[in-house]
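Contents: one structure, followed by commentary.
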Amino acid sequence: MVGTLNLSENAAGRVAMLMASSVAISLILYSLLWMPSSSIDFFRLQQPQNATVVSEDELEKALKGASMDNRTVIISVLNKAYAKENGMLDLFLRSFQQGEDTEFLLKHLLLVAVDQESFERCKLLGLHCYKLVTDGVDFSKEELYMSTDFIKMMWRRTLFLGDVLRHGYNFIFTDMDILWLRNPFVKFGHEGEDLQISCDWYNGRPFDHSNTINTGFYFVTSNNKTMTLFDWWYKSRNETAAIKEQDVLAKMKSMGAFQRLGMKVRFLDTMYFSGFCKTSQDFKEVCTVHANCCRSVKAKLADLTASLEVWKRSNGTSTAKWPPLHACKNSWKENIVV
């Protein structure tokens with residue numbers, strides 16, 4: 001049983017933007033996805049010129065320190081805007097501490113800091129930390145949804161996560177604007193899936209590729225198929241500079257990239273992996289709550305805080321209801337300058 005957040009006015013604008021770029025993306029991705037298999041090596045990922053080269057051992061050490069016995073880690077990206085006291089990082093960690101069977105997962109969480117201040121805050125909290133720096137780009141401030149720097153940060157994240165796969169580690173990637181209320185591993189499929197990804201809107205069919213994906217939360221297994229997917233995905237960034245990585249992956253999905261690679265992909269049920277776009281009303285089952293369909297950090301923080309408090313008081317009762325999410329609804333009306 002689900003409730004839907006009405007954001008139709010804003011959704012219409014986003015849909016129009018995506019339709020305008022759809023043809024261009026299709027032409028680019030067609031040549032990328034349907035080339036002969038022998039040409040795949042051409043698209044092996046190259047380090048971008050503006051990225052700081054770090055020791056491979058440094059990343060391996062960070063991954064090994066956070067890893068479970070099966071080489072699985074939980075990864076989230078942290079910047080100065082999120083690292084402020086009583087900010088998004090603190091709420092994110094509090095959800096692990098107050099959730100059901102989630103606190104132990106903190107020892108498997110690797111925070112990827114994109115600036116010095118967030119790295120220092122991470123170390124101060126005694127967490128697993130890795131510093132990721134891209135020369136010439138400042139990711140320390142809040143990146144407003146769909147701003148130029150927001151899109152750059154999403155692509156830098158994709159590059160890094162592909163590198164994690166090449167190191168041989170499986171991972172859950174989680175945005176920091178997500179509450180972890182229950183251990184999600186018990187709700188993942190165990191049928192040899194290569195990728196399990198959250199949805200803004202879920203149609204009830206876990207293997208139906210028409211589900212609307214959200215790259216803010218997904219579980220990926222390290223293998224040749226997923227490494228190649230991330231290579232193809234990142235390769236498309238130059239030709240789709242104004243489009244965020246989630247929309248490009250969605251287009252790749254619709255053009256058959258997953259099938260071409262022979263991947264098994266599960267689309268996660270919003271009853272368990274919920275969000276502000278489509279909220280789960282089953283308080284006894286919900287594992288995560290994502291502040292999607294929300295524009296600013298301030299609004300996300302307000303509505304996620306209220307949601308965590310409601311969940312704590314609910315005690316898993318069927319009559320509990322999420323708060324009205326006024327801050328996120330109003331965030332689309334605000335003229336925010338970053």
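Here's how to read the names in the structure tokens: chain A, B, ... by the order shown, residue numbers from 1 in each chain, ligand numbers from 1 in the order shown.
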Sorted per-residue table, region 192-298 of chain A near region 316-321 of chain A, closest atoms and distance, 9 Å, only C-alpha atoms, as a tab-separated table:
residue	atom	partner	partner_atom	distance
A:Gln281	CA	A:Lys321	CA	6.7
A:Asp282	CA	A:Ser318	CA	6.5
A:Phe283	CA	A:Gly316	CA	4.9
A:Lys284	CA	A:Gly316	CA	4.5
A:Glu285	CA	A:Gly316	CA	8.1
Non-local contacts of region 102-107 of chain A (8 Å; only C-alpha atoms; under 6 positions in same chain excluded) as JSON, numbers by chain: {"A": [66, 93, 96, 127, 128, 180, 181, 182, 183]}
Output file for the residues above (N, CA and C atoms, as a PDB file, in the first residue's frame):
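Generated output (part.pdb):
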ATOM      1  N   ALA A  66      36.769  -1.521   5.385  1.00  0.00           N
ATOM      2  CA  ALA A  66      35.315  -1.460   5.590  1.00  0.00           C
ATOM      3  C   ALA A  66      34.594  -2.729   5.140  1.00  0.00           C
ATOM      4  N   LEU A  93      23.736   8.958   9.992  1.00  0.00           N
ATOM      5  CA  LEU A  93      24.322   8.048  10.980  1.00  0.00           C
ATOM      6  C   LEU A  93      23.327   7.709  12.079  1.00  0.00           C
ATOM      7  N   PHE A  96      21.125   4.791  11.197  1.00  0.00           N
ATOM      8  CA  PHE A  96      21.783   3.496  11.415  1.00  0.00           C
ATOM      9  C   PHE A  96      21.735   3.121  12.895  1.00  0.00           C
ATOM     10  N   LEU A 127      35.026   6.941  11.563  1.00  0.00           N
ATOM     11  CA  LEU A 127      34.443   6.128  10.497  1.00  0.00           C
ATOM     12  C   LEU A 127      35.508   5.728   9.479  1.00  0.00           C
ATOM     13  N   HIS A 128      35.159   4.831   8.597  1.00  0.00           N
ATOM     14  CA  HIS A 128      36.033   4.504   7.469  1.00  0.00           C
ATOM     15  C   HIS A 128      35.917   5.642   6.449  1.00  0.00           C
ATOM     16  N   TRP A 180      18.268   4.733   6.969  1.00  0.00           N
ATOM     17  CA  TRP A 180      18.388   3.279   7.043  1.00  0.00           C
ATOM     18  C   TRP A 180      17.631   2.824   8.299  1.00  0.00           C
ATOM     19  N   LEU A 181      16.430   2.300   8.105  1.00  0.00           N
ATOM     20  CA  LEU A 181      15.563   1.928   9.222  1.00  0.00           C
ATOM     21  C   LEU A 181      15.647   0.445   9.573  1.00  0.00           C
ATOM     22  N   ARG A 182      15.951  -0.372   8.573  1.00  0.00           N
ATOM     23  CA  ARG A 182      16.140  -1.808   8.783  1.00  0.00           C
ATOM     24  C   ARG A 182      17.248  -2.300   7.865  1.00  0.00           C
ATOM     25  N   ASN A 183      17.811  -3.437   8.205  1.00  0.00           N
ATOM     26  CA  ASN A 183      18.874  -4.041   7.408  1.00  0.00           C
ATOM     27  C   ASN A 183      18.339  -4.387   6.014  1.00  0.00           C
TER      28      ASN A 183
END
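The two atoms in question, CA of His167 (chain A) and CA of Ser222 (chain A), are spaced 8.4 Å apart.
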Every residue of region 74-146 of chain A that DSSP places in strand (DSSP E or B), as JSON, numbers by chain: {"A": [74, 75, 76, 77, 78, 100, 109, 110, 111, 112, 113, 128, 129, 130, 131, 134]}
Residues from last step as file, C-alpha atoms, as a compact mmCIF listing (two decimals), in the first residue's frame:
# COMPACT_ATOMS: atom_id res chain seq x y z
CA ILE A 74 28.48 0.26 1.83
CA ILE A 75 29.53 3.52 0.16
CA SER A 76 28.25 7.07 0.47
CA VAL A 77 29.70 10.39 -0.74
CA LEU A 78 30.28 13.21 1.73
CA GLU A 100 16.50 -2.24 13.49
CA LEU A 109 30.33 1.99 5.72
CA LEU A 110 32.98 3.82 3.68
CA LEU A 111 32.47 7.57 3.41
CA VAL A 112 34.05 9.07 0.29
CA ALA A 113 34.93 12.66 1.18
CA HIS A 128 36.03 4.50 7.47
CA CYS A 129 37.03 7.42 5.23
CA TYR A 130 38.52 7.87 1.77
CA LYS A 131 39.45 11.23 0.29
CA THR A 134 39.19 16.19 -8.50
